Structures are given as structure tokens and as C-alpha cells.
>>> print(open('model36.cif').read())   # mmCIF, C-alpha atoms
data_run
loop_
_atom_site.label_atom_id
_atom_site.label_comp_id
_atom_site.auth_asym_id
_atom_site.auth_seq_id
_atom_site.Cartn_x
_atom_site.Cartn_y
_atom_site.Cartn_z
CA MET A 239 70.55 48.46 173.67
CA CYS A 240 69.47 51.54 175.61
CA LYS A 241 67.81 50.75 178.93
CA THR A 242 67.69 51.99 182.51
CA ASP A 243 66.23 50.81 185.80
CA ILE A 244 64.11 52.80 188.22
CA THR A 245 63.07 51.80 191.74
CA ILE A 246 60.72 53.33 194.30
CA THR A 247 60.14 52.19 197.87
CA LEU A 248 57.14 54.00 199.27
CA PRO A 249 55.57 53.34 202.71
CA PHE A 250 52.07 54.75 203.00
CA VAL A 251 49.10 54.60 205.35
CA ARG A 252 46.12 52.45 204.48
CA THR A 253 42.85 51.62 206.25
CA LEU A 254 41.92 48.10 207.31
CA HIS A 255 38.16 48.11 207.63
CA LYS A 256 36.41 46.57 210.59
CA LYS A 257 34.84 43.75 208.55
CA SER A 258 38.21 42.80 207.07
CA GLN A 259 39.84 42.39 210.48
CA ILE A 260 38.11 39.12 211.42
CA SER A 261 40.25 36.83 209.28
CA THR A 262 43.32 38.91 210.01
CA LEU A 263 42.92 38.64 213.78
CA GLN A 264 42.30 34.90 213.57
CA SER A 265 45.66 34.39 211.84
CA ALA A 266 47.58 36.92 213.95
CA SER A 267 50.02 35.78 216.59
CA THR A 268 49.77 36.58 220.28
CA LEU A 269 52.35 39.35 219.97
CA GLU A 270 50.46 41.00 217.12
CA ARG A 271 47.17 40.78 219.01
CA SER A 272 48.74 42.76 221.85
CA SER A 273 49.60 45.55 219.42
CA LEU A 274 45.89 45.96 218.61
CA SER A 275 45.05 47.19 222.08
CA SER A 276 43.81 50.68 222.71
CA PRO A 277 46.52 53.35 222.35
CA ALA A 278 45.82 54.60 225.85
CA ALA A 279 46.76 51.20 227.29
CA ASP A 280 50.28 51.21 225.84
CA THR A 281 53.13 52.58 227.90
CA GLN A 282 55.38 52.97 224.85
CA ILE A 283 54.34 54.80 221.70
CA ASN A 284 55.13 52.73 218.61
CA THR A 285 54.31 54.70 215.48
CA GLN A 286 55.07 51.66 213.31
CA ALA A 287 52.29 49.64 214.92
CA PRO A 288 48.71 49.70 213.59
CA LEU A 289 46.52 52.44 215.03
CA LEU A 290 43.12 51.19 216.22
CA LEU A 291 40.39 53.82 215.83
CA ARG A 292 37.27 54.29 217.94
CA ASP A 293 34.97 53.08 215.13
CA GLY A 294 36.76 49.72 214.92
CA ASN A 295 38.75 50.50 211.77
CA MET A 296 42.53 50.39 211.83
CA LEU A 297 45.29 52.39 210.16
CA PHE A 298 48.49 50.54 209.28
CA ILE A 299 51.59 51.22 207.20
CA ASP A 300 51.56 49.52 203.81
CA LEU A 301 54.49 49.31 201.38
CA LEU A 302 54.94 49.81 197.64
CA ALA A 303 58.33 48.49 196.51
CA ILE A 304 58.52 48.45 192.71
CA HIS A 305 61.45 48.06 190.33
CA MET A 306 61.08 48.67 186.60
CA VAL A 307 63.49 47.74 183.81
CA ARG A 308 62.75 50.24 181.05
CA ASN A 309 63.61 49.32 177.48
CA VAL A 310 62.65 50.39 173.98
CA LYS A 311 60.69 47.27 173.01
CA GLU A 312 59.65 45.78 176.35
CA ASN A 313 59.55 46.65 180.05
CA THR A 314 59.68 44.51 183.15
CA ILE A 315 58.13 45.32 186.56
CA ILE A 316 59.38 43.57 189.69
CA SER A 317 57.58 44.14 192.99
CA TYR A 318 58.56 43.23 196.54
CA HIS A 319 55.93 42.10 199.05
CA PRO A 320 57.13 41.31 202.60
CA GLU A 321 55.41 38.53 204.48
CA SER A 322 52.87 39.96 206.87
CA THR A 323 49.45 39.20 208.29
CA TRP A 324 48.30 42.83 208.02
CA CYS A 325 46.57 42.64 204.63
CA GLN A 326 49.33 44.57 202.90
CA THR A 327 49.22 45.08 199.15
CA SER A 328 49.95 41.71 197.55
CA ALA A 329 51.34 40.95 194.10
CA LYS A 330 47.85 39.89 193.01
CA ARG A 331 46.39 43.17 194.19
CA LEU A 332 49.11 45.16 192.40
CA HIS A 333 48.51 43.19 189.22
CA SER A 334 44.79 43.99 189.34
CA LEU A 335 45.61 47.69 189.85
CA ILE A 336 47.79 47.68 186.72
CA LEU A 337 44.95 46.03 184.78
CA LEU A 338 42.57 48.73 186.02
CA VAL A 339 45.01 51.38 184.84
CA GLY A 340 44.97 49.80 181.39
CA GLY A 341 41.17 49.91 181.35
CA SER A 342 40.97 53.54 182.47
CA VAL A 343 39.97 56.01 179.77
CA TYR A 344 42.17 58.71 181.30
CA TRP A 345 45.32 56.61 181.36
CA ARG A 346 44.60 55.06 177.96
CA ASN A 347 44.51 58.57 176.57
CA ILE A 348 47.90 59.30 178.15
CA PHE A 349 49.48 56.06 176.88
CA SER A 350 48.18 56.87 173.41
CA LYS A 351 50.26 60.05 173.43
CA THR A 352 53.48 58.59 174.85
CA LYS A 353 55.29 55.27 174.96
CA ASP A 354 57.11 56.03 178.21
CA PRO A 355 56.32 53.20 180.70
CA THR A 356 57.28 55.47 183.61
CA PHE A 357 53.71 56.77 183.60
CA LEU A 358 52.71 53.39 185.00
CA PHE A 359 54.67 54.31 188.14
CA LEU A 360 52.64 57.50 188.50
CA ALA A 361 49.42 55.54 188.07
CA VAL A 362 50.44 53.16 190.88
CA LEU A 363 51.32 56.13 193.11
CA TRP A 364 47.73 57.36 192.77
CA TYR A 365 46.70 54.16 194.54
CA ALA A 366 48.83 55.18 197.53
CA LEU A 367 47.37 58.69 197.43
CA TYR A 368 43.78 57.38 197.48
CA ALA A 369 44.74 55.20 200.46
CA TRP A 370 46.09 58.28 202.27
CA ASP A 371 42.88 60.19 201.52
CA GLU A 372 40.68 57.40 202.88
CA SER A 373 42.84 57.06 206.01
CA PHE A 374 42.61 60.78 206.76
CA GLU A 375 38.84 60.60 206.34
CA PHE A 376 38.56 57.95 209.07
CA LEU A 377 41.14 59.81 211.13
CA TYR A 378 39.03 62.97 210.92
CA ASN A 379 36.05 61.13 212.42
CA HIS A 380 38.32 59.66 215.10
CA VAL A 381 39.61 63.09 216.11
CA SER A 382 36.04 64.41 216.27
CA VAL A 383 35.11 61.62 218.68
CA LEU A 384 38.14 62.40 220.85
CA GLU A 385 37.26 66.10 220.91
CA SER A 386 33.74 65.26 222.09
CA GLY A 387 35.23 63.03 224.78
CA VAL A 388 37.48 65.84 226.00
CA LEU A 389 34.48 68.18 226.27
CA LYS A 390 32.61 65.63 228.39
CA ASP A 391 35.42 64.08 230.39
CA SER A 392 39.09 64.78 231.15
CA ARG A 393 40.37 61.33 232.11
CA ILE A 394 44.13 60.73 232.03
CA GLY A 395 43.61 57.83 229.61
CA LEU A 396 41.99 60.16 227.10
CA THR A 397 44.96 62.53 227.33
CA GLN A 398 47.34 59.63 226.67
CA GLU A 399 45.31 58.63 223.61
CA LEU A 400 45.61 62.18 222.26
CA HIS A 401 49.41 62.05 222.68
CA VAL A 402 49.61 58.68 220.89
CA LEU A 403 47.59 60.01 217.97
CA GLN A 404 49.74 63.14 217.80
CA ALA A 405 52.85 60.96 217.60
CA HIS A 406 51.35 59.02 214.68
CA LEU A 407 50.52 62.26 212.87
CA LEU A 408 54.11 63.41 213.23
CA HIS A 409 55.26 60.10 211.76
CA TYR A 410 52.80 60.53 208.89
CA GLN A 411 54.48 63.85 208.14
CA SER A 412 57.73 62.05 207.34
CA LEU A 413 55.87 59.51 205.20
CA LEU A 414 54.24 62.29 203.15
CA THR A 415 57.64 63.90 202.70
CA ASN A 416 58.94 60.57 201.39
CA PHE A 417 55.94 60.44 199.06
CA ARG A 418 56.78 63.88 197.68
CA VAL A 419 60.42 62.89 197.16
CA SER A 420 59.39 59.75 195.25
CA VAL A 421 57.21 61.73 192.85
CA SER A 422 60.00 64.27 192.25
CA PHE A 423 62.45 61.41 191.67
CA ILE A 424 60.24 59.88 188.98
CA GLU A 425 59.76 63.26 187.30
CA LYS A 426 63.48 64.02 187.24
CA THR A 427 64.56 60.56 186.08
CA PRO A 428 63.97 60.54 182.31
CA ASN A 429 63.75 57.35 180.35
CA PRO A 430 66.83 57.01 178.08
CA ALA A 431 64.87 54.63 175.87
CA MET A 432 62.77 57.60 174.77
CA GLU A 433 65.80 59.12 173.04
CA SER A 434 65.07 56.98 170.02
CA GLU A 435 61.72 58.72 169.55
CA ASP A 436 61.34 61.93 167.56
CA LEU A 437 61.68 65.33 169.20
CA GLU A 438 57.98 66.14 169.14
CA GLN A 439 57.02 62.93 170.93
CA ARG A 440 59.77 63.40 173.52
CA GLU A 441 58.57 66.95 174.27
CA ALA A 442 54.96 65.78 174.51
CA SER A 443 56.01 62.99 176.89
CA HIS A 444 58.01 65.46 178.97
CA GLU A 445 55.06 67.86 179.24
CA LEU A 446 52.73 65.02 180.24
CA MET A 447 55.19 63.81 182.88
CA LYS A 448 55.52 67.31 184.29
CA LYS A 449 51.74 67.78 184.35
CA GLU A 450 50.99 64.46 186.04
CA SER A 451 53.80 64.95 188.57
CA GLU A 452 52.50 68.40 189.46
CA ASN A 453 49.02 66.94 189.92
CA LEU A 454 50.38 64.35 192.32
CA LEU A 455 52.49 66.89 194.20
CA SER A 456 49.51 69.22 194.59
CA GLU A 457 47.45 66.36 196.01
CA ILE A 458 50.26 65.46 198.41
CA GLU A 459 50.36 69.11 199.52
CA ARG A 460 46.62 68.90 200.16
CA LEU A 461 47.14 65.79 202.28
CA GLU A 462 49.89 67.56 204.24
CA LYS A 463 47.59 70.51 204.97
CA ARG A 464 44.92 68.11 206.13
CA ARG A 465 47.41 66.39 208.40
CA GLU A 466 48.40 69.79 209.84
CA MET A 467 44.74 70.57 210.43
CA LEU A 468 44.25 67.31 212.33
CA SER A 469 47.41 67.95 214.32
CA SER A 470 46.19 71.45 215.25
CA ARG A 471 42.83 70.07 216.34
CA LEU A 472 44.60 67.51 218.49
CA LYS A 473 46.72 70.23 220.07
CA ASN A 474 43.59 72.25 220.88
CA ALA A 475 41.99 69.16 222.39
CA MET A 476 45.09 68.48 224.54
CA ASP A 477 45.16 72.12 225.68
CA LEU A 478 41.48 71.86 226.58
CA ALA A 479 42.10 68.63 228.49
CA PHE A 480 44.94 70.20 230.50
CA ALA A 481 42.86 73.33 231.13
CA THR A 482 39.97 71.20 232.37
CA VAL A 483 42.30 69.32 234.72
CA ASN A 484 43.71 72.61 236.02
CA ILE A 485 40.21 73.97 236.61
CA GLU A 486 39.28 70.83 238.53
CA ASP A 487 42.46 71.10 240.60
CA SER A 488 41.64 74.75 241.32
CA ARG A 489 38.19 73.76 242.51
CA GLN A 490 39.63 71.12 244.83
CA THR A 491 42.22 73.58 246.13
CA ARG A 492 39.51 76.15 246.76
CA ALA A 493 37.42 73.59 248.64
CA LEU A 494 40.46 72.62 250.71
CA THR A 495 41.19 76.28 251.46
CA GLU A 496 37.61 76.88 252.56
CA ALA A 497 37.81 73.85 254.86
CA THR A 498 41.08 75.17 256.31
CA VAL A 499 39.48 78.57 256.94
CA ARG A 500 36.58 76.90 258.73
CA ASP A 501 39.01 74.90 260.87
CA SER A 502 40.95 78.08 261.65
CA ALA A 503 37.74 79.80 262.77
CA ALA A 504 36.97 76.87 265.07
CA MET A 505 40.49 76.97 266.52
CA LYS A 506 40.13 80.72 267.06
CA GLN A 507 36.97 80.15 269.08
CA ILE A 508 38.78 77.55 271.17
CA SER A 509 41.61 80.06 271.73
CA TYR A 510 39.09 82.66 272.92
CA LEU A 511 37.66 80.16 275.41
CA THR A 512 41.18 79.34 276.58
CA MET A 513 41.88 83.04 277.13
CA VAL A 514 38.74 83.29 279.31
CA PHE A 515 39.74 80.37 281.52
CA LEU A 516 43.51 81.05 281.52
CA PRO A 517 43.53 83.67 284.36
CA ALA A 518 41.37 81.41 286.52
CA SER A 519 43.66 78.44 285.86
CA LEU A 520 46.73 80.56 286.69
CA ILE A 521 45.24 81.77 289.97
CA ALA A 522 44.21 78.23 290.92
CA SER A 523 47.72 76.93 290.18
CA VAL A 524 49.38 79.70 292.16
CA PHE A 525 47.15 79.24 295.21
CA GLY A 526 47.69 75.49 294.99
CA MET A 527 51.49 75.83 295.25
CA ASN A 528 53.11 74.22 298.28
CA VAL A 529 55.49 77.07 299.23
CA LYS A 530 56.07 78.98 302.50
CA GLU A 531 54.77 82.26 301.07
CA ILE A 532 51.33 80.64 300.70
CA ASN A 533 51.44 77.66 303.03
CA ASN A 534 53.39 78.28 306.24
CA GLN A 535 53.78 74.58 306.92
CA SER A 536 55.60 73.94 303.58
CA LEU A 537 59.38 73.48 303.39
CA GLU A 538 59.89 74.92 299.87
CA THR A 539 60.04 78.57 298.90
CA LEU A 540 58.88 80.58 295.89
CA ALA A 541 62.50 81.30 294.94
CA HIS A 542 63.24 77.59 294.62
CA TYR A 543 60.19 77.20 292.36
CA VAL A 544 61.37 80.03 290.06
CA GLU A 545 64.93 78.65 289.89
CA THR A 546 63.74 75.13 289.04
CA THR A 547 61.23 76.34 286.43
CA ILE A 548 63.75 78.55 284.60
CA SER A 549 66.40 75.80 284.61
CA LEU A 550 64.08 73.16 283.18
CA THR A 551 62.75 75.63 280.57
CA LEU A 552 66.28 76.49 279.39
CA LEU A 553 67.22 72.79 279.28
CA THR A 554 64.11 72.00 277.21
CA VAL A 555 64.89 74.81 274.74
CA TYR A 556 68.49 73.62 274.43
CA VAL A 557 67.51 70.00 273.74
CA VAL A 558 64.81 70.97 271.21
CA VAL A 559 67.10 73.32 269.24
CA THR A 560 69.95 70.78 269.29
CA LEU A 561 67.82 67.97 267.90
CA GLN A 562 66.45 70.08 265.01
CA PRO A 563 68.80 69.63 261.99
CA HIS A 564 67.06 72.26 259.84
CA SER A 565 66.83 75.08 262.35
CA THR A 566 67.86 78.62 261.35
CA VAL A 567 70.24 78.64 264.30
CA HIS A 568 72.50 76.00 262.73
CA ARG A 569 74.39 76.14 259.46
CA LYS A 570 73.36 73.81 256.65
CA ASP A 571 74.41 70.12 257.06
CA ALA A 572 75.71 70.71 260.61
CA ASN A 573 76.47 67.53 262.56
CA LEU A 574 75.24 66.75 266.08
CA ARG A 575 78.41 68.03 267.74
CA GLU A 576 78.13 71.41 266.03
CA ARG A 577 74.43 71.60 266.86
CA ALA A 578 75.16 70.80 270.52
CA ALA A 579 77.41 73.89 270.70
CA TRP A 580 74.74 76.23 269.33
CA PRO A 581 74.52 78.51 272.44
CA GLY A 582 78.21 79.45 272.17
CA ILE A 583 78.01 79.83 268.36
CA LEU A 584 74.92 82.02 268.64
CA LEU A 585 76.59 84.20 271.30
CA TRP A 586 79.67 84.60 269.11
CA LYS A 587 77.51 85.68 266.15
CA VAL A 588 75.76 88.29 268.29
CA ILE A 589 79.08 89.69 269.63
CA ARG A 590 80.64 89.77 266.16
CA GLY A 591 77.58 91.53 264.75
CA LYS A 592 77.80 94.25 267.40
CA MET A 593 81.50 94.70 266.64
CA TYR A 594 80.71 95.29 262.96
CA GLU A 595 77.92 97.72 263.86
CA ARG A 596 80.15 99.78 266.21
CA PRO A 597 80.58 103.31 264.72
CA GLN A 598 84.12 104.27 263.71
CA VAL A 599 85.56 107.50 265.13
CA LYS A 600 87.26 109.64 262.53
CA THR A 601 90.61 111.15 263.53
CA ALA A 602 92.05 114.47 262.44
CA ASP A 603 94.25 112.70 259.87
CA ASP A 604 91.17 111.03 258.32
CA LYS A 605 89.41 114.38 257.98
CA VAL A 606 92.44 115.85 256.26
#
>>> encode(input="model36.cif", output="C-alpha cells")
Amino acid sequence: MCKTDITITLPFVRTLHKKSQISTLQSASTLERSSLSSPAADTQINTQAPLLLRDGNMLFIDLLAIHMVRNVKENTIISYHPESTWCQTSAKRLHSLILLVGGSVYWRNIFSKTKDPTFLFLAVLWYALYAWDESFEFLYNHVSVLESGVLKDSRIGLTQELHVLQAHLLHYQSLLTNFRVSVSFIEKTPNPAMESEDLEQREASHELMKKESENLLSEIERLEKRREMLSSRLKNAMDLAFATVNIEDSRQTRALTEATVRDSAAMKQISYLTMVFLPASLIASVFGMNVKEINNQSLETLAHYVETTISLTLLTVYVVVTLQPHSTVHRKDANLRERAAWPGILLWKVIRGKMYERPQVKTADDKV
């Protein structure tokens, strides 16, 4: 008996409407409730988790796992449905879809021309494609809301939400690629049971399979272009958000610069006042000195004052330079002992520099 099996495992994106979430949330666990939070509140981007939109709807990843045993007289379909609380496609739902396919005029016309049960796989794949189309429609409205938010506000949370959505769109790209591969696999996997049919019917079935597969592939290409469009709009929104933040930072920097300029003008005025009173303060200090040159009854002299002042000034300069680890006088990562010897090191550098700059006298042998 001629028979062959064919299996497809297709993850796809589907929309859970706001009204349908009430019973789902009531039966969800605490861990799953935490995954329904706003994307901007998550510190880790999980593209496998449901994506909550601004309008209350939610996008989640559904699964079609179907195995078909193809035979000449009868065919068997086995489907896999993992346990989940996220309203994924159940066996009952899949059974109703197959019944709807049987009642469709379009598919009845196809099944009247061919006995290949593989066309049932293509009909089920159209269900996944319609789910993608609906999800992108809600996602389009969500992106429009985010773009409006970026134009009005440039909060950091909004920028994070844009990045989360961009990550989901990149994940959807891989899912659409998997969708395209599944359709090509079905097209290129002929049914050996059809070999018992006459040549004309086999050719008609082959042409129908090619036509329906091309229709699906063209629709998947349309979905991919729509995904690229949404991704480009998100990129423009993120660029606008960053540009808005940069403009705001520039405004704050400009305000800070203007405040600094005003402070500098005030300090300049204080410096001018200091210059006016500095000569008077110097004269008052000089005439107030207790030295013999000014006060005959004093025991100190002006020479002692100059010697003491110069000594203390040099000592202050030495201590300040020694305690500065990042001074240009010291080498990088110099310890305290090396910094304490900076006067001798500096003098050696000056002497060595003069030795290198000393002009060389050419002898008669050098000229020859």
C-alpha cells in the first residue's frame, strides 16, 4: 500500500482581543500575570512572551503542529496542542476550521478537481496567514500611537517600549521565514498515493498545488513587507526620540553656559574692584610693618621680612607640588618619594634639555 506522512510545525502570531482576556487572566498564574505588564516596565526583553498593546489587545505566539498520514483510500490527521492558558488553537477549533474548509465554495471546487489531501494543509495555513494579517493591523495602530507619543513626549520609558517592539518585529521576521519554508516544503513534497491516478489528474493536481502555494508565498511576502514598514517606522520614531533628547540636552547645556557667563561677568566686576583697592591695601600693609626702616623703635629689619617671606613661599610651593599626584611636574603613577624629589628631577630635566639644545661645532674633518 502506497502511503507517506507529512508534518508541519508552524508558530505564528495571533491576536487575543481585549474582551477575551478576562477569563484568561482569571485562570492565569502569578508568573503569567507578571508577563502581561507593560513592555517598558520589563528589564529583559522576552520575544516569546505576549506583547500587550496600548489598546488593550495582546499579541501572542500560537502553534500549528499537524501530522497527516496520506493514503489512497483514507487519510488521517493528527494535531498537537500544548497545554497553555493563552487561548491557543485547540483541537476543537482546528476541527471547526476543517469543517469550514469543507463548506467553502472555493475549496470545494479545488477538491472536486483533485483527490490530493495535501490541499487541506494549505487551507489550514491560510488560517495562520489571516491571523498574521489581523495582528499586523493591530500592530499598525499601536505603532501610530507610539509615534504620536514620541512627538508629544520623549520619556525614557517610551524609548524602551520602542526597543521592545522592535525586538518583537525582528522575531516575527524569523517566524515569517519559517512560514515561507513550510509552504515550500508542502509544495515540494508530492503525495505518492497520487501515482495511482491518471496522468491528466496528476498534472492538474500539480498545477493546482503550484498555484495555491504561490498564492500563499505572495501573501507571506506581503506580510514581510508590512513588517519591514512597521520596523522602519519604529526606527524613525526612535531616531526622533533620541533627537528630541539631544535637543533638550543642548538647551540645558546652553542655559548652563549662559549662567556660567553671567557668573564670570560678576567675578570680573569683583576683580576690577579688587584691583582698585589692591594698591591701597598694599600701601597700608607696608606702612603697618614693624621694621626699623619704618619704625625706629622696632627690632626687626626689612631684610629679615624678605628672607622669611621668600622661604615660606618656596616651602608652600614645594609642599603643594609634592602632594599633587597628577601634576605635570611628576611622571605618571609616581610614588610619594619620587614626588618629594621633584626639585632635583626638574633641575636635571632643564640641564639635560640645554645640553641637547647646545649647537655642535663642525670640525674640518666633518666639512670634508
>>> atom_distance(input="model36.cif", atom1="CA of Gly294 in chain A", atom2="CA of Lys256 in chain A")
5.4 Å
>>> residues_near_point(input="model36.cif", point="(37.1, 65.0, 217.7)", cutoff="12 Å", atoms="all atoms listed in the file", output="VMD selection string")
chain A and resid 291 to 292 376 to 390 396 399 to 400 403 467 to 476
>>> atom_distance(input="model36.cif", atom1="CA of Tyr556 in chain A", atom2="CA of Arg577 in chain A")
9.8 Å
>>> resolve_selection(input="model36.cif", expression="the PyMOL selection byres ((chain A and resi 414) around 9)", output="list in words")
Phe250, His409, Tyr410, Gln411, Ser412, Leu413, Thr415, Asn416, Phe417, Arg418, Val419, Ile458, Glu459, Leu461 and Glu462 of chain A
>>> write_last_selection(input="model36.cif", atoms="C-alpha atoms", output="short mmCIF file (atom, residue, chain, number, x, y, z; two decimals), in the frame of the given file")
data_model
loop_
_atom_site.label_atom_id
_atom_site.label_comp_id
_atom_site.auth_asym_id
_atom_site.auth_seq_id
_atom_site.Cartn_x
_atom_site.Cartn_y
_atom_site.Cartn_z
CA PHE A 250 52.07 54.75 203.00
CA HIS A 409 55.26 60.10 211.76
CA TYR A 410 52.80 60.53 208.89
CA GLN A 411 54.48 63.85 208.14
CA SER A 412 57.73 62.05 207.34
CA LEU A 413 55.87 59.51 205.20
CA THR A 415 57.64 63.90 202.70
CA ASN A 416 58.94 60.57 201.39
CA PHE A 417 55.94 60.44 199.06
CA ARG A 418 56.78 63.88 197.68
CA VAL A 419 60.42 62.89 197.16
CA ILE A 458 50.26 65.46 198.41
CA GLU A 459 50.36 69.11 199.52
CA LEU A 461 47.14 65.79 202.28
CA GLU A 462 49.89 67.56 204.24
#
>>> atom_distance(input="model36.cif", atom1="CA of Ser536 in chain A", atom2="CA of Thr551 in chain A")
24.2 Å
>>> axis_aligned_box(input="model36.cif", around="range 394-412 of chain A", padding_each_side="5 Å", output="lines of an AutoDock Vina configuration file")
center_x = 49.9
center_y = 60.8
center_z = 219.7
size_x = 25.7
size_y = 16.0
size_z = 34.7
>>> resolve_selection(input="model36.cif", expression="the PyMOL selection byres ((chain A and resi 447) around 10)", output="list in words")
Ile348, Thr352, Asp354, Thr356, Phe357, Leu360, Ile424, Glu425, Lys426, Pro428, Glu441, Ala442, Ser443, His444, Glu445, Leu446, Lys448, Lys449, Glu450, Ser451, Glu452 and Asn453 of chain A
>>> write_last_selection(input="model36.cif", atoms="C-alpha atoms", output="PDB file, in the frame of the given file")
ATOM      1  CA  ILE A 348      47.900  59.300 178.150  1.00  0.00           C
ATOM      2  CA  THR A 352      53.480  58.590 174.850  1.00  0.00           C
ATOM      3  CA  ASP A 354      57.110  56.030 178.210  1.00  0.00           C
ATOM      4  CA  THR A 356      57.280  55.470 183.610  1.00  0.00           C
ATOM      5  CA  PHE A 357      53.710  56.770 183.600  1.00  0.00           C
ATOM      6  CA  LEU A 360      52.640  57.500 188.500  1.00  0.00           C
ATOM      7  CA  ILE A 424      60.240  59.880 188.980  1.00  0.00           C
ATOM      8  CA  GLU A 425      59.760  63.260 187.300  1.00  0.00           C
ATOM      9  CA  LYS A 426      63.480  64.020 187.240  1.00  0.00           C
ATOM     10  CA  PRO A 428      63.970  60.540 182.310  1.00  0.00           C
ATOM     11  CA  GLU A 441      58.570  66.950 174.270  1.00  0.00           C
ATOM     12  CA  ALA A 442      54.960  65.780 174.510  1.00  0.00           C
ATOM     13  CA  SER A 443      56.010  62.990 176.890  1.00  0.00           C
ATOM     14  CA  HIS A 444      58.010  65.460 178.970  1.00  0.00           C
ATOM     15  CA  GLU A 445      55.060  67.860 179.240  1.00  0.00           C
ATOM     16  CA  LEU A 446      52.730  65.020 180.240  1.00  0.00           C
ATOM     17  CA  LYS A 448      55.520  67.310 184.290  1.00  0.00           C
ATOM     18  CA  LYS A 449      51.740  67.780 184.350  1.00  0.00           C
ATOM     19  CA  GLU A 450      50.990  64.460 186.040  1.00  0.00           C
ATOM     20  CA  SER A 451      53.800  64.950 188.570  1.00  0.00           C
ATOM     21  CA  GLU A 452      52.500  68.400 189.460  1.00  0.00           C
ATOM     22  CA  ASN A 453      49.020  66.940 189.920  1.00  0.00           C
TER      23      ASN A 453
END
>>> closest_residue(input="model36.cif", among="A:Trp586, A:Tyr365, A:Phe349, A:Tyr344", to="Leu302 in chain A", atoms="all atoms listed in the file")
A:Tyr365
>>> closest_residue(input="model36.cif", among="A:Val307, A:Leu297, A:Leu337, A:Val402", to="Glu375 in chain A", atoms="only C-alpha atoms")
A:Leu297
>>> resolve_selection(input="model36.cif", expression="the PyMOL selection byres ((chain A and resi 314-331) around 8)", output="list in words")
Leu254, Thr262, Ser265, Ala266, Phe298, Asp300, Leu301, Leu302, Ala303, Ile304, His305, Met306, Val307, Arg308, Glu312, Asn313, Leu332, His333, Ser334 and Leu335 of chain A
>>> write_last_selection(input="model36.cif", atoms="C-alpha atoms", output="mmCIF file, in the coordinates of the input")
data_model
loop_
_atom_site.group_PDB
_atom_site.id
_atom_site.type_symbol
_atom_site.label_atom_id
_atom_site.label_comp_id
_atom_site.auth_asym_id
_atom_site.auth_seq_id
_atom_site.Cartn_x
_atom_site.Cartn_y
_atom_site.Cartn_z
ATOM 1 C CA LEU A 254 41.920 48.100 207.310
ATOM 2 C CA THR A 262 43.320 38.910 210.010
ATOM 3 C CA SER A 265 45.660 34.390 211.840
ATOM 4 C CA ALA A 266 47.580 36.920 213.950
ATOM 5 C CA PHE A 298 48.490 50.540 209.280
ATOM 6 C CA ASP A 300 51.560 49.520 203.810
ATOM 7 C CA LEU A 301 54.490 49.310 201.380
ATOM 8 C CA LEU A 302 54.940 49.810 197.640
ATOM 9 C CA ALA A 303 58.330 48.490 196.510
ATOM 10 C CA ILE A 304 58.520 48.450 192.710
ATOM 11 C CA HIS A 305 61.450 48.060 190.330
ATOM 12 C CA MET A 306 61.080 48.670 186.600
ATOM 13 C CA VAL A 307 63.490 47.740 183.810
ATOM 14 C CA ARG A 308 62.750 50.240 181.050
ATOM 15 C CA GLU A 312 59.650 45.780 176.350
ATOM 16 C CA ASN A 313 59.550 46.650 180.050
ATOM 17 C CA LEU A 332 49.110 45.160 192.400
ATOM 18 C CA HIS A 333 48.510 43.190 189.220
ATOM 19 C CA SER A 334 44.790 43.990 189.340
ATOM 20 C CA LEU A 335 45.610 47.690 189.850
#
